[in-house]
file my_file.json (JSON, C-alpha atoms and all ligand atoms)
[["chain", "number", "residue", "atom", "x", "y", "z"],
["A", 83, "MET", "CA", -87.69, -43.16, 35.63],
["A", 84, "GLU", "CA", -85.88, -42.95, 32.31],
["A", 85, "GLN", "CA", -83.71, -40.10, 33.65],
["A", 86, "LYS", "CA", -81.77, -42.39, 36.00],
["A", 87, "ASN", "CA", -79.66, -43.53, 33.05],
["A", 88, "TYR", "CA", -78.17, -40.09, 32.90],
["A", 89, "ILE", "CA", -77.31, -39.59, 36.55],
["A", 90, "ALA", "CA", -73.55, -40.05, 36.15],
["A", 91, "ARG", "CA", -73.34, -37.54, 33.34],
["A", 92, "LEU", "CA", -75.84, -35.10, 34.81],
["A", 93, "TYR", "CA", -73.58, -34.53, 37.79],
["A", 94, "GLY", "CA", -70.76, -33.05, 35.72],
["A", 95, "ARG", "CA", -67.56, -33.01, 37.76],
["A", 96, "ARG", "CA", -67.95, -34.35, 41.28],
["A", 97, "GLN", "CA", -64.66, -32.86, 42.48],
["A", 98, "ASP", "CA", -62.40, -30.16, 41.05],
["A", 99, "ARG", "CA", -59.53, -29.90, 43.56],
["A", 100, "PRO", "CA", -58.41, -31.78, 46.67],
["A", 101, "LEU", "CA", -60.17, -30.81, 49.88],
["A", 102, "LYS", "CA", -58.33, -28.71, 52.44],
["A", 103, "PRO", "CA", -57.58, -30.61, 55.68],
["A", 104, "ARG", "CA", -60.38, -28.86, 57.54],
["A", 105, "GLN", "CA", -62.87, -29.61, 54.76],
["A", 106, "ALA", "CA", -61.81, -33.27, 54.70],
["A", 107, "ARG", "CA", -62.29, -33.43, 58.48],
["A", 108, "LEU", "CA", -65.78, -31.93, 58.19],
["A", 109, "MET", "CA", -66.72, -34.45, 55.49],
["A", 110, "GLU", "CA", -65.76, -37.19, 57.98],
["A", 111, "THR", "CA", -67.23, -35.72, 61.14],
["A", 112, "LEU", "CA", -69.97, -33.15, 60.45],
["A", 113, "LEU", "CA", -71.51, -34.57, 57.28],
["A", 114, "PRO", "CA", -72.56, -37.92, 58.84],
["A", 115, "ARG", "CA", -74.28, -35.99, 61.66],
["A", 116, "ILE", "CA", -76.41, -33.83, 59.34],
["A", 117, "ALA", "CA", -76.80, -36.10, 56.31],
["A", 118, "VAL", "CA", -80.31, -37.03, 55.20],
["A", 119, "PRO", "CA", -80.68, -40.81, 55.78],
["A", 120, "ASP", "CA", -80.13, -42.83, 52.63],
["A", 121, "SER", "CA", -83.64, -43.49, 51.32],
["A", 122, "ALA", "CA", -82.43, -46.67, 49.58],
["A", 123, "GLN", "CA", -81.95, -48.10, 53.08],
["A", 124, "ALA", "CA", -84.21, -45.97, 55.28],
["A", 125, "GLY", "CA", -87.24, -45.89, 52.93],
["A", 126, "PRO", "CA", -89.56, -42.92, 52.39],
["A", 127, "ILE", "CA", -88.49, -39.73, 54.15],
["A", 128, "VAL", "CA", -90.91, -37.60, 56.13],
["A", 129, "PRO", "CA", -89.04, -34.28, 56.39],
["A", 130, "THR", "CA", -90.56, -33.32, 59.74],
["A", 131, "THR", "CA", -88.66, -36.26, 61.25],
["A", 132, "LEU", "CA", -85.45, -34.49, 60.14],
["A", 133, "PHE", "CA", -86.57, -31.22, 61.72],
["A", 134, "PRO", "CA", -88.86, -32.06, 64.66],
["A", 135, "GLN", "CA", -89.04, -28.36, 65.62],
["A", 136, "THR", "CA", -90.74, -27.14, 62.42],
["A", 137, "ASP", "CA", -93.06, -28.07, 59.57],
["A", 138, "GLN", "CA", -91.65, -25.32, 57.33],
["A", 139, "ILE", "CA", -89.20, -27.24, 55.18],
["A", 140, "TRP", "CA", -87.36, -25.99, 52.10],
["A", 141, "LEU", "CA", -85.28, -27.97, 49.60],
["A", 142, "GLU", "CA", -82.44, -26.62, 47.45],
["A", 143, "VAL", "CA", -81.49, -28.74, 44.44],
["A", 144, "GLY", "CA", -77.85, -28.29, 43.34],
["A", 145, "PHE", "CA", -76.72, -25.77, 45.97],
["A", 146, "GLY", "CA", -73.20, -25.41, 44.48],
["A", 147, "GLY", "CA", -71.07, -23.65, 47.11],
["A", 148, "GLY", "CA", -74.08, -23.33, 49.42],
["A", 149, "GLU", "CA", -74.18, -19.50, 49.55],
["A", 150, "HIS", "CA", -77.95, -19.33, 49.10],
["A", 151, "LEU", "CA", -78.68, -22.28, 51.39],
["A", 152, "ALA", "CA", -76.52, -20.94, 54.23],
["A", 153, "TYR", "CA", -78.00, -17.45, 53.86],
["A", 154, "GLN", "CA", -81.56, -18.78, 54.01],
["A", 155, "ALA", "CA", -80.73, -20.98, 57.01],
["A", 156, "ALA", "CA", -79.22, -18.03, 58.90],
["A", 157, "HIS", "CA", -82.09, -15.67, 58.05],
["A", 158, "ASN", "CA", -84.87, -18.21, 58.65],
["A", 159, "PRO", "CA", -84.00, -20.03, 61.87],
["A", 160, "ASP", "CA", -87.55, -21.41, 62.10],
["A", 161, "VAL", "CA", -87.22, -23.18, 58.75],
["A", 162, "GLY", "CA", -85.54, -26.55, 58.12],
["A", 163, "LEU", "CA", -83.42, -26.62, 54.96],
["A", 164, "ILE", "CA", -82.46, -29.69, 52.97],
["A", 165, "GLY", "CA", -79.71, -29.23, 50.39],
["A", 166, "ALA", "CA", -78.81, -31.73, 47.66],
["A", 167, "GLU", "CA", -75.49, -31.52, 45.83],
["A", 168, "PRO", "CA", -73.19, -34.18, 44.33],
["A", 169, "PHE", "CA", -70.16, -31.86, 43.98],
["A", 170, "VAL", "CA", -67.84, -32.61, 46.90],
["A", 171, "ASN", "CA", -66.06, -29.25, 46.94],
["A", 172, "GLY", "CA", -69.42, -27.49, 47.22],
["A", 173, "VAL", "CA", -70.58, -29.75, 50.05],
["A", 174, "ALA", "CA", -67.27, -29.20, 51.90],
["A", 175, "LYS", "CA", -67.58, -25.43, 51.48],
["A", 176, "LEU", "CA", -71.08, -25.48, 52.93],
["A", 177, "LEU", "CA", -69.96, -27.66, 55.86],
["A", 178, "ALA", "CA", -67.28, -25.08, 56.75],
["A", 179, "ARG", "CA", -69.89, -22.35, 56.74],
["A", 180, "ILE", "CA", -72.30, -24.42, 58.85],
["A", 181, "GLU", "CA", -69.54, -24.88, 61.43],
["A", 182, "ASP", "CA", -68.38, -21.23, 61.31],
["A", 183, "GLU", "CA", -71.90, -19.84, 61.70],
["A", 184, "GLY", "CA", -73.27, -22.59, 63.97],
["A", 185, "LEU", "CA", -76.18, -23.25, 61.59],
["A", 186, "GLY", "CA", -78.37, -25.95, 63.13],
["A", 187, "ASN", "CA", -81.19, -26.09, 60.59],
["A", 188, "ILE", "CA", -79.51, -27.67, 57.54],
["A", 189, "ARG", "CA", -79.53, -31.32, 56.44],
["A", 190, "ILE", "CA", -77.44, -32.39, 53.45],
["A", 191, "HIS", "CA", -78.03, -34.99, 50.79],
["A", 192, "PHE", "CA", -74.58, -35.54, 49.21],
["A", 193, "GLY", "CA", -75.62, -36.84, 45.81],
["A", 194, "ASP", "CA", -78.25, -36.67, 43.10],
["A", 195, "ALA", "CA", -81.30, -34.68, 44.15],
["A", 196, "ARG", "CA", -83.71, -36.80, 42.15],
["A", 197, "PRO", "CA", -83.82, -40.05, 44.19],
["A", 198, "LEU", "CA", -84.09, -37.84, 47.27],
["A", 199, "MET", "CA", -87.07, -36.00, 45.79],
["A", 200, "GLU", "CA", -88.75, -39.29, 44.94],
["A", 201, "ALA", "CA", -88.23, -40.49, 48.52],
["A", 202, "LEU", "CA", -89.69, -37.38, 50.19],
["A", 203, "ALA", "CA", -93.30, -37.48, 51.37],
["A", 204, "GLY", "CA", -95.84, -35.64, 49.21],
["A", 205, "GLY", "CA", -97.02, -32.20, 50.34],
["A", 206, "SER", "CA", -94.11, -31.91, 52.77],
["A", 207, "LEU", "CA", -92.18, -28.93, 51.37],
["A", 208, "LYS", "CA", -92.91, -25.23, 51.54],
["A", 209, "ARG", "CA", -90.24, -24.17, 49.03],
["A", 210, "ILE", "CA", -88.03, -25.76, 46.38],
["A", 211, "PHE", "CA", -85.09, -23.86, 44.85],
["A", 212, "VAL", "CA", -83.22, -24.70, 41.65],
["A", 213, "LEU", "CA", -80.77, -21.87, 41.10],
["A", 214, "PHE", "CA", -78.77, -21.77, 37.89],
["A", 215, "PRO", "CA", -79.11, -25.44, 36.95],
["A", 216, "ASP", "CA", -76.49, -26.70, 34.49],
["A", 217, "PRO", "CA", -77.77, -25.39, 31.14],
["A", 218, "TRP", "CA", -76.71, -28.25, 28.85],
["A", 219, "PRO", "CA", -76.96, -26.01, 25.77],
["A", 220, "LYS", "CA", -76.50, -28.66, 23.07],
["A", 221, "LYS", "CA", -79.74, -30.19, 21.85],
["A", 222, "ARG", "CA", -78.45, -33.73, 22.20],
["A", 223, "HIS", "CA", -77.85, -33.02, 25.93],
["A", 224, "TRP", "CA", -81.25, -31.54, 26.70],
["A", 225, "LYS", "CA", -82.33, -34.87, 28.21],
["A", 226, "ARG", "CA", -79.82, -34.16, 31.01],
["A", 227, "ARG", "CA", -81.48, -30.92, 32.07],
["A", 228, "MET", "CA", -82.77, -30.92, 35.64],
["A", 229, "ILE", "CA", -85.93, -29.07, 34.67],
["A", 230, "ASN", "CA", -88.23, -31.33, 32.64],
["A", 231, "PRO", "CA", -91.74, -32.79, 32.89],
["A", 232, "TRP", "CA", -90.59, -35.26, 35.59],
["A", 233, "PHE", "CA", -89.22, -32.38, 37.68],
["A", 234, "PHE", "CA", -92.40, -30.31, 37.50],
["A", 235, "LYS", "CA", -94.49, -33.36, 38.39],
["A", 236, "GLU", "CA", -92.30, -34.10, 41.43],
["A", 237, "ALA", "CA", -92.25, -30.44, 42.50],
["A", 238, "ALA", "CA", -96.06, -30.33, 42.32],
["A", 239, "ARG", "CA", -96.26, -33.53, 44.39],
["A", 240, "LEU", "CA", -93.81, -32.33, 47.03],
["A", 241, "LEU", "CA", -95.03, -28.77, 47.55],
["A", 242, "MET", "CA", -97.87, -28.05, 49.96],
["A", 243, "PRO", "CA", -100.66, -25.76, 48.71],
["A", 244, "GLY", "CA", -99.30, -22.21, 48.53],
["A", 245, "GLY", "CA", -95.72, -23.55, 48.45],
["A", 246, "GLU", "CA", -93.19, -22.10, 46.01],
["A", 247, "LEU", "CA", -90.83, -23.41, 43.37],
["A", 248, "ARG", "CA", -88.07, -20.90, 42.60],
["A", 249, "VAL", "CA", -85.94, -21.32, 39.49],
["A", 250, "ALA", "CA", -83.20, -18.96, 38.28],
["A", 251, "SER", "CA", -81.19, -19.08, 35.10],
["A", 252, "ASP", "CA", -78.96, -16.75, 33.10],
["A", 253, "ILE", "CA", -79.50, -18.69, 29.87],
["A", 254, "PRO", "CA", -82.44, -17.32, 27.79],
["A", 255, "ASP", "CA", -83.09, -20.71, 26.22],
["A", 256, "TYR", "CA", -83.24, -22.39, 29.66],
["A", 257, "ILE", "CA", -85.67, -19.74, 30.92],
["A", 258, "ALA", "CA", -87.94, -20.32, 27.91],
["A", 259, "TRP", "CA", -87.52, -24.10, 28.42],
["A", 260, "THR", "CA", -88.59, -23.80, 32.06],
["A", 261, "LEU", "CA", -91.65, -21.72, 31.22],
["A", 262, "MET", "CA", -92.59, -24.12, 28.43],
["A", 263, "HIS", "CA", -92.48, -27.11, 30.82],
["A", 264, "ALA", "CA", -94.35, -25.11, 33.46],
["A", 265, "ARG", "CA", -97.28, -24.87, 31.05],
["A", 266, "GLY", "CA", -97.54, -28.66, 31.29],
["A", 267, "ALA", "CA", -97.85, -28.44, 35.09],
["A", 268, "PRO", "CA", -101.17, -26.71, 35.81],
["A", 269, "ALA", "CA", -100.80, -27.25, 39.57],
["A", 270, "LEU", "CA", -97.89, -24.78, 39.54],
["A", 271, "GLU", "CA", -98.75, -21.22, 38.61],
["A", 272, "TRP", "CA", -96.10, -18.72, 37.48],
["A", 273, "THR", "CA", -96.62, -15.76, 39.80],
["A", 274, "ALA", "CA", -95.14, -12.95, 37.64],
["A", 275, "GLU", "CA", -97.57, -10.20, 36.74],
["A", 276, "ARG", "CA", -95.10, -7.74, 35.21],
["A", 277, "ALA", "CA", -91.56, -7.92, 33.81],
["A", 278, "ALA", "CA", -90.04, -6.57, 37.03],
["A", 279, "ASP", "CA", -91.35, -9.65, 38.84],
["A", 280, "TRP", "CA", -88.96, -11.96, 36.98],
["A", 281, "LYS", "CA", -86.21, -9.49, 36.03],
["A", 282, "ASN", "CA", -85.40, -8.43, 39.59],
["A", 283, "ARG", "CA", -84.14, -10.82, 42.23],
["A", 284, "PRO", "CA", -86.51, -10.68, 45.25],
["A", 285, "ALA", "CA", -85.00, -9.15, 48.37],
["A", 286, "ASP", "CA", -85.12, -12.47, 50.27],
["A", 287, "TRP", "CA", -83.07, -14.20, 47.58],
["A", 288, "PRO", "CA", -79.30, -13.66, 47.92],
["A", 289, "GLN", "CA", -76.89, -13.77, 45.03],
["A", 290, "THR", "CA", -75.09, -17.06, 44.42],
["A", 291, "ARG", "CA", -71.50, -17.42, 43.21],
["A", 292, "TYR", "CA", -72.66, -18.69, 39.86],
["A", 293, "GLU", "CA", -75.03, -15.76, 39.46],
["A", 294, "ALA", "CA", -72.27, -13.23, 40.26],
["A", 295, "LYS", "CA", -70.12, -14.84, 37.56],
["A", 296, "ALA", "CA", -72.97, -14.72, 35.04],
["A", 297, "ILE", "CA", -73.55, -11.01, 35.68],
["A", 298, "ARG", "CA", -69.79, -10.28, 35.48],
["A", 299, "GLU", "CA", -69.76, -11.99, 32.10],
["A", 300, "GLY", "CA", -72.67, -9.86, 30.84],
["A", 301, "ARG", "CA", -75.55, -12.34, 31.12],
["A", 302, "THR", "CA", -78.90, -11.30, 32.63],
["A", 303, "PRO", "CA", -80.57, -13.74, 35.00],
["A", 304, "ALA", "CA", -84.31, -14.34, 35.29],
["A", 305, "TYR", "CA", -85.93, -15.27, 38.59],
["A", 306, "LEU", "CA", -89.03, -17.43, 38.21],
["A", 307, "ILE", "CA", -91.42, -18.18, 41.06],
["A", 308, "PHE", "CA", -94.21, -20.75, 40.71],
["A", 309, "ARG", "CA", -96.91, -21.22, 43.34],
["A", 310, "ARG", "CA", -98.52, -24.58, 44.15],
["A", 311, "LEU", "CA", -102.27, -24.16, 43.71],
["B", 401, "LIG", "C1", -74.29, -24.17, 37.53],
["B", 401, "LIG", "S1", -74.18, -24.85, 39.11],
["B", 401, "LIG", "C2", -75.10, -23.72, 40.13],
["B", 401, "LIG", "C3", -74.79, -23.87, 41.58],
["B", 401, "LIG", "C4", -75.56, -22.96, 42.53],
["B", 401, "LIG", "N1", -76.99, -23.26, 42.52],
["B", 401, "LIG", "C5", -75.30, -21.51, 42.24],
["B", 401, "LIG", "O1", -76.24, -20.81, 41.80],
["B", 401, "LIG", "O2", -74.17, -21.03, 42.46],
["B", 401, "LIG", "C6", -75.29, -26.26, 39.01],
["B", 401, "LIG", "C7", -75.17, -27.16, 40.21],
["B", 401, "LIG", "O3", -76.10, -28.23, 40.10],
["B", 401, "LIG", "C8", -75.49, -29.40, 40.61],
["B", 401, "LIG", "N2", -76.16, -30.59, 40.08],
["B", 401, "LIG", "C9", -76.08, -31.12, 38.85],
["B", 401, "LIG", "N3", -76.82, -32.23, 38.75],
["B", 401, "LIG", "C10", -77.41, -32.42, 39.96],
["B", 401, "LIG", "C11", -78.27, -33.41, 40.49],
["B", 401, "LIG", "N4", -78.71, -34.42, 39.76],
["B", 401, "LIG", "N5", -78.67, -33.28, 41.78],
["B", 401, "LIG", "C12", -78.25, -32.24, 42.53],
["B", 401, "LIG", "N6", -77.42, -31.27, 42.08],
["B", 401, "LIG", "C13", -77.00, -31.36, 40.81],
["B", 401, "LIG", "C14", -74.04, -29.28, 40.14],
["B", 401, "LIG", "O4", -73.15, -30.10, 40.87],
["B", 401, "LIG", "C15", -73.79, -27.79, 40.37],
["B", 401, "LIG", "O5", -73.31, -27.53, 41.66]]
call {"tool": "encode", "arguments": {"input": "my_file.json", "output": "C-alpha cells"}}
result
Amino acid sequence: MEQKNYIARLYGRRQDRPLKPRQARLMETLLPRIAVPDSAQAGPIVPTTLFPQTDQIWLEVGFGGGEHLAYQAAHNPDVGLIGAEPFVNGVAKLLARIEDEGLGNIRIHFGDARPLMEALAGGSLKRIFVLFPDPWPKKRHWKRRMINPWFFKEAARLLMPGGELRVASDIPDYIAWTLMHARGAPALEWTAERAADWKNRPADWPQTRYEAKAIREGRTPAYLIFRRL
C-alpha cells in the first residue's frame, strides 16, 4: 500500500504534553489489558474473538480524546467498540474515562488505524466512524488524507451488508473530497435524501471536542452516512 510511506507524517503530533501520573499508570496497566493484539505478530484479527459476547462491532478511526467512543460504549453496552488512535494524550484520556465509567466493551489500537483495518476480517464490522479527520488543506499534502480510494475500498470490505460508515468534517473541501471518493465506491451508498440529513448531527451521535471547537470558530460540520449495500 503506497500510503504506508506517509504513516509517520499522517499521525501529526503523537504527544502534546506529559501524561499525568494517573494517565501514565493507566497506559502501563489498563492499556495492555484492552489493547487489540498486534496483527504483525498475531496475524489476521477476527473481531468477535475480541468481544465473545457480541457480533455487533464498531470501529472508530482517530478517536482523539475518545468522547464519541466512550459515549457510544456507554449507550450501547451490547456493542463491542474498537478505537484506533496514535495520539498518546488522547489514548490516556480515554483510558481514564474507561476506568471512571467502568466501560467493559472497548478495545484500543494505540497506533495507525490502517494496518489494523487491513488485519481485520472482511464483513466483520457493523459501523465505522471517522470523525473530523485531519484536513491536510494544502494540495501537496492531500496524499496524507485518511479518506481516499484505499479507505473506501477497505471500509466496503470490512462492513457487513447494511453496515454504516460515518464521516464528519467541518472543512467544505474535505466534505466534497469525501463525496467525490464515495462515488468511486459503489458498494457504499450515501444515505442522505435531503439537506437536513447531512446538516444535522443524528441524535445518536454525540459532539466531539474537535467538533465543539469547529462550531465555536464559526465552521459548519457535515455528517455523512454511507450504507454498505
Ligand atoms: C482532528 S482530530 C479529530 C479527533 C476526534 N475524532 C474528534 O472529532 O475530536 C484527528 C485525529 O485523527 C488521528 N489520526 C491521524 N492519523 C491517524 C491514523 N493514521 N490512524 C488513526 N488515527 C489517526 C489524530 O491523531 C487525531 O486524533
call {"tool": "atom_distance", "arguments": {"input": "my_file.json", "atom1": "atom CA of A:Leu132", "atom2": "atom CA of A:Val118"}}
result
7.6 Å
call {"tool": "closest_residue", "arguments": {"input": "my_file.json", "among": "A:Gln135, A:Ser121, A:Thr130, A:Asn282", "to": "A:Ser206", "atoms": "only C-alpha atoms"}}
result
A:Thr130
call {"tool": "residues_near_ligand", "arguments": {"input": "my_file.json", "ligand": "ligand LIG 401 (chain B)", "cutoff": "6 Å", "atoms": "all atoms listed in the file", "output": "mmCIF file with C-alpha atoms, in the coordinates of the input"}}
result
data_model
loop_
_atom_site.group_PDB
_atom_site.id
_atom_site.type_symbol
_atom_site.label_atom_id
_atom_site.label_comp_id
_atom_site.auth_asym_id
_atom_site.auth_seq_id
_atom_site.Cartn_x
_atom_site.Cartn_y
_atom_site.Cartn_z
ATOM 1 C CA LEU A 92 -75.840 -35.100 34.810
ATOM 2 C CA TYR A 93 -73.580 -34.530 37.790
ATOM 3 C CA VAL A 143 -81.490 -28.740 44.440
ATOM 4 C CA GLY A 144 -77.850 -28.290 43.340
ATOM 5 C CA PHE A 145 -76.720 -25.770 45.970
ATOM 6 C CA GLY A 146 -73.200 -25.410 44.480
ATOM 7 C CA ALA A 166 -78.810 -31.730 47.660
ATOM 8 C CA GLU A 167 -75.490 -31.520 45.830
ATOM 9 C CA PRO A 168 -73.190 -34.180 44.330
ATOM 10 C CA PHE A 169 -70.160 -31.860 43.980
ATOM 11 C CA ASP A 194 -78.250 -36.670 43.100
ATOM 12 C CA ALA A 195 -81.300 -34.680 44.150
ATOM 13 C CA LEU A 213 -80.770 -21.870 41.100
ATOM 14 C CA PHE A 214 -78.770 -21.770 37.890
ATOM 15 C CA PRO A 215 -79.110 -25.440 36.950
ATOM 16 C CA ASP A 216 -76.490 -26.700 34.490
ATOM 17 C CA THR A 290 -75.090 -17.060 44.420
ATOM 18 C CA ARG A 291 -71.500 -17.420 43.210
ATOM 19 C CA TYR A 292 -72.660 -18.690 39.860
ATOM 20 C CA GLU A 293 -75.030 -15.760 39.460
#
call {"tool": "atom_distance", "arguments": {"input": "my_file.json", "atom1": "atom CA of A:Ala156", "atom2": "atom CA of A:Pro284"}}
result
17.1 Å
call {"tool": "closest_residue", "arguments": {"input": "my_file.json", "among": "A:Phe234, A:Phe211, A:Gln123, A:Asp182", "to": "A:Leu108", "atoms": "only C-alpha atoms"}}
result
A:Asp182
call {"tool": "closest_residue", "arguments": {"input": "my_file.json", "among": "A:Ala238, A:Ala203, A:Leu101, A:Ala258", "to": "A:Pro217", "atoms": "all atoms listed in the file"}}
result
A:Ala258
call {"tool": "closest_residue", "arguments": {"input": "my_file.json", "among": "A:Arg99, A:Lys235, A:Arg265, A:His223", "to": "A:Gly204", "atoms": "all atoms listed in the file"}}
result
A:Lys235
call {"tool": "closest_residue", "arguments": {"input": "my_file.json", "among": "A:Ile164, A:Leu241, A:Ala124, A:Ile257", "to": "A:Leu306", "atoms": "all atoms listed in the file"}}
result
A:Ile257
call {"tool": "residues_around", "arguments": {"input": "my_file.json", "residues": "A:Lys102", "least_positions_apart": "6", "cutoff": "10 Å", "atoms": "only C-alpha atoms", "output": "ChimeraX atom specification"}}
result
/A:108,171,174-175
